[in-house]
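Asker: Let me begin by handing over the structure; questions about it come next.
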Amino acid sequence: MDLQEKIRELPTGPGVYQYKNAESEVIYVGKAKNLRSRVRSYFLEGRPEDAKTGSLLREAVDVDYIVVDNEKEALALENNLIKQKKPRFNILLRDDKTYPYIKLTAGERYPRVYVTRRLRKDGSLYFGPYFPANLAHRTVDLIHRSFKIPSCTVDLSRYHPRPCLQYYIGRCLGPCVKELTTPDVYQEAVRDVRLFLEGRQTDLARSLHERMDRAAEDQEYERAAKYRDLLATVEQLHEKQRIAAAEGDDADVFGYHYENHMLAVNLFHMRGGKVLDRREFFWEDLPEFAFPDGEHAGGDETFHPGEFFSALLKQVYIDQQYVPHTIYVPVEFEDCAALEELLSEKRQRRVEIVVPQRGEKRSLIDLVARNAKQSYEQRFRVMKPATKAIQEALQDALTLPELPRRIECFDISHIQGAETVASMVVWEDGKMKKSDYRKFIIRSVDGVDDFASMREVVGRRYKRVLEEKQKLPSLVLIDGGIGQLHAAAEALEALEIVNQPLASIAKREEIIYVHGQESEPVVLDHHSPVLHLVQMIRDESHRFAVTFHRKRRAMRDRNSELLEIPGVGESTRRRLLEHFGSVRAVQQADAAALSAVVTRNQAEAIRKHFEGAG
C-alpha cells in the first residue's frame, strides 16, 4: 500500500501520526483531533517546494498512527514519542539546565538522602524540583543537621569498625557501626524526613509534639529536648512557607528573542510572588516546521512563535512532577485549552496558560524577553560570561554544595608505563594559579596502571593537605573516565575524607561523571561556558603532566648515554654526573678535567665517544 492510499485509510478519530523515511526512521511526530483530515492537509494545502512541507514530504515514504480516546491523551503520547524518537523535523527541547530533586532511597535497609537530577524507577522517593538549585543542597544539609540521615557512599549493608567524621559532628546517626543506632530509631528519623520533604509540616509537628511529651513523661529529658529543638525548626520553616504563600501564587513566565535563525528562550520561575530562578533554552537550527509562513532562509518574520511554544510547553511540563498554577506565555497557540486541561488533571488543581495583553503581567513578559535577548547575546555573540556566572553555572551543573572557588585537577602521563608521572593544576577564583601547581613521580606502581597511579597521587596530595590542616578544594577534577574517578574516590575514602565533591571528564566523549551520580553523567552543550572551563582546566593538567614526563624521559635518555661508553658502568656514571652536574657538561669537559674523576683510559674513552658523536 503506497503512502497516499494509506492516508485514505486513516481513521477520523483523535490520535498521533508518525512520518517515516525509507530507512524506517521516524522523522516527524504530530497529533490530531482527526487523523485523516490532519495528515491529508499536508498534501492538500502544502506544495513540495514549501518550507513547511517540502523536505518532509520528499523524505516521507510511510505513515504510522496510534488512535487514542481524546485530545489530551494525544498530547501526552505525542510528547512521549518526540522525546523517545527525537525526530529531526520536530522542535526538540534542548536545555543546558535540569533542576535537582532530593532522592530518599526508601528501598535500602538504612535509607539515605541525595541530590540528583534524574528520576528513576528504582524504588526510591523523589521530591522536587528545587530551584534555585542550591535550595536542594540547603535542604539536604538541614536534613543532615536536624534528622541525621546521611548522604554518604559508605556500604551500609555491613557494619564497619568506626564511623566517619559526619557522625562525630552530629550529622549522622551512625548506621555504619553496630549499636550506634537501632533500626527503629533510624526508621523513625526516615519517617520524619519523608513527612518533611512531602511538605506535611503540620503532621510532622504533631508527631514530634507527641513524642516530646511521651519522652518527658518517661523522664527521658535529653530525648525530649532533641524533639523540642526539631519541633522548633519545623515550625519555623512552616511559618516561612505560609508567609511566602500569602505573598503570591506560583507562576512560570516565558520570553524569547529570535534573530538570524537562532533562538533564545528564558523561563522565570516565580514562587510565592518572587522570582527564584531563571532557565535558558537555545536553538541554533530550528526545524523547518517552525517556519510555516515563509521560507526558512527568509527574515525574522518567517518565525512562527505559536507553533514553537505549543511544542515547547508540552515538552517542559507534561512529564514534570510539579506544575505551577499559572504559565505566562508571549503568544497564543492552538493546543492551549487541551494542554491546560491535561496539566490541571496532573496537578489536581487548576492550571492556567495565560497570554497577557497589557498591565503588570505583560510588563513581566517583556522583562523576560529582554533577559532572553541578553542570553542570545551571550550565547551567540560569544560574549565571555563573568567569573561568578560561570561558577554558579558549574555549581548548578555538577550539583556542588557550594560555589566552586578552587578546583584541583589531576592527570597521569607515561609511555607504556615508563617514567609514570602525575600533575596537579589549580584553578582559583577565575584563573589558573600556577604557584600551586604540583608534580608527582609515581613510586608504588610498576608498568601501566592508570587507576593505581591516580590512587597514589590523590592519596599523597590529600594526606599532606590533612597533615598541614589546609582547606580542601571546592572540587577535585580527574582527567579520565569512571575507572580513574573511582580510584580517586578510594584514595579519599582511605583518608576518611567524605562528601568531598569529586568529578572526572572523559577525553573523547567530553562527558562529566560526578562521584555518587555515575549513572547520571552530565552532558553539556558544546557551547556551554561550563564545559569550556572544565576542558580548559583538564587540558592544562594534561599539558603540565606531559611536559614533566617529557623532561623526565629526556633526562633518563641523556643520563643513560654514558652507559654506552666502553669501561663506564653505573658507579662511574653516577660519579661523573655528581661532579659535572649534567651529560652536557661531561661532553664539554677536556681529558684533564675528566681524569680528575675517572681513570686516564676511561677519560680517553669518554672523549673518543663524544668526539665521534660530534
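Letters for chains follow the order of the C-alpha cells (A, B, ...), residue numbers begin at 1 for each chain, and ligand numbers begin at 1 in the order shown.
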May I have all residues of range 197-435 of chain A that DSSP, computed from the backbone, assigns to strand (DSSP E or B), given as an NGL selection string?
Answerer: :A and (251-259 or 262-271 or 274-283 or 326-328 or 352-354 or 406-415 or 418-428 or 431-432)
Asker: For range 70-85 of chain A, please output as an mmCIF file with N, CA, C and O atoms, in the first residue's frame all residues within 6 Å (counting only C-alpha atoms; exclusion window: fewer than 4 positions along the same chain).
Answerer:
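The resulting file, result-v9.cif, is shown below:
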data_model
loop_
_atom_site.group_PDB
_atom_site.id
_atom_site.type_symbol
_atom_site.label_atom_id
_atom_site.label_comp_id
_atom_site.auth_asym_id
_atom_site.auth_seq_id
_atom_site.Cartn_x
_atom_site.Cartn_y
_atom_site.Cartn_z
ATOM 1 N N PRO A 14 -9.243 11.003 17.132
ATOM 2 C CA PRO A 14 -8.002 11.636 17.617
ATOM 3 C C PRO A 14 -6.875 10.618 17.713
ATOM 4 O O PRO A 14 -7.106 9.418 17.903
ATOM 5 N N GLY A 15 -5.643 11.098 17.575
ATOM 6 C CA GLY A 15 -4.503 10.198 17.676
ATOM 7 C C GLY A 15 -3.202 10.892 17.352
ATOM 8 O O GLY A 15 -3.134 12.119 17.220
ATOM 9 N N VAL A 16 -2.177 10.074 17.184
ATOM 10 C CA VAL A 16 -0.824 10.556 16.891
ATOM 11 C C VAL A 16 -0.345 9.884 15.615
ATOM 12 O O VAL A 16 -0.553 8.680 15.430
ATOM 13 N N LYS A 31 0.170 15.295 16.383
ATOM 14 C CA LYS A 31 -1.090 14.809 16.961
ATOM 15 C C LYS A 31 -2.244 15.520 16.266
ATOM 16 O O LYS A 31 -2.079 16.585 15.660
ATOM 17 N N ALA A 338 -6.436 22.313 25.500
ATOM 18 C CA ALA A 338 -6.225 20.889 25.796
ATOM 19 C C ALA A 338 -5.052 20.700 26.752
ATOM 20 O O ALA A 338 -5.104 19.867 27.670
ATOM 21 N N LEU A 342 -5.066 19.021 30.543
ATOM 22 C CA LEU A 342 -4.188 17.903 30.882
ATOM 23 C C LEU A 342 -3.324 18.232 32.096
ATOM 24 O O LEU A 342 -3.195 17.420 33.028
#
Asker: Please provide the set of residues having any atom within 12 Å of Leu576 in chain A, restricted to only C-alpha atoms, with same-chain residues fewer than 4 positions apart removed, written as JSON, numbers by chain.
Answerer: {"A": [559, 562, 563, 568, 569, 570, 571, 572, 580, 581, 582, 583, 584, 585, 586, 587, 589, 593, 594, 595, 596, 597, 598, 599, 602, 603, 606]}
Asker: What is the CA of Leu104 in chain A-CA of Pro324 in chain A distance in Å, reported with one decimal?
Answerer: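 Pair CA of Leu104 in chain A / CA of Pro324 in chain A returns 23.5 Å.
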Asker: Calculate how many Å separate CA of Val522 in chain A from CA of His486 in chain A, rounding to one decimal.
Answerer: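 Computing the Euclidean distance for CA of Val522 in chain A and CA of His486 in chain A yields 16.5 Å.
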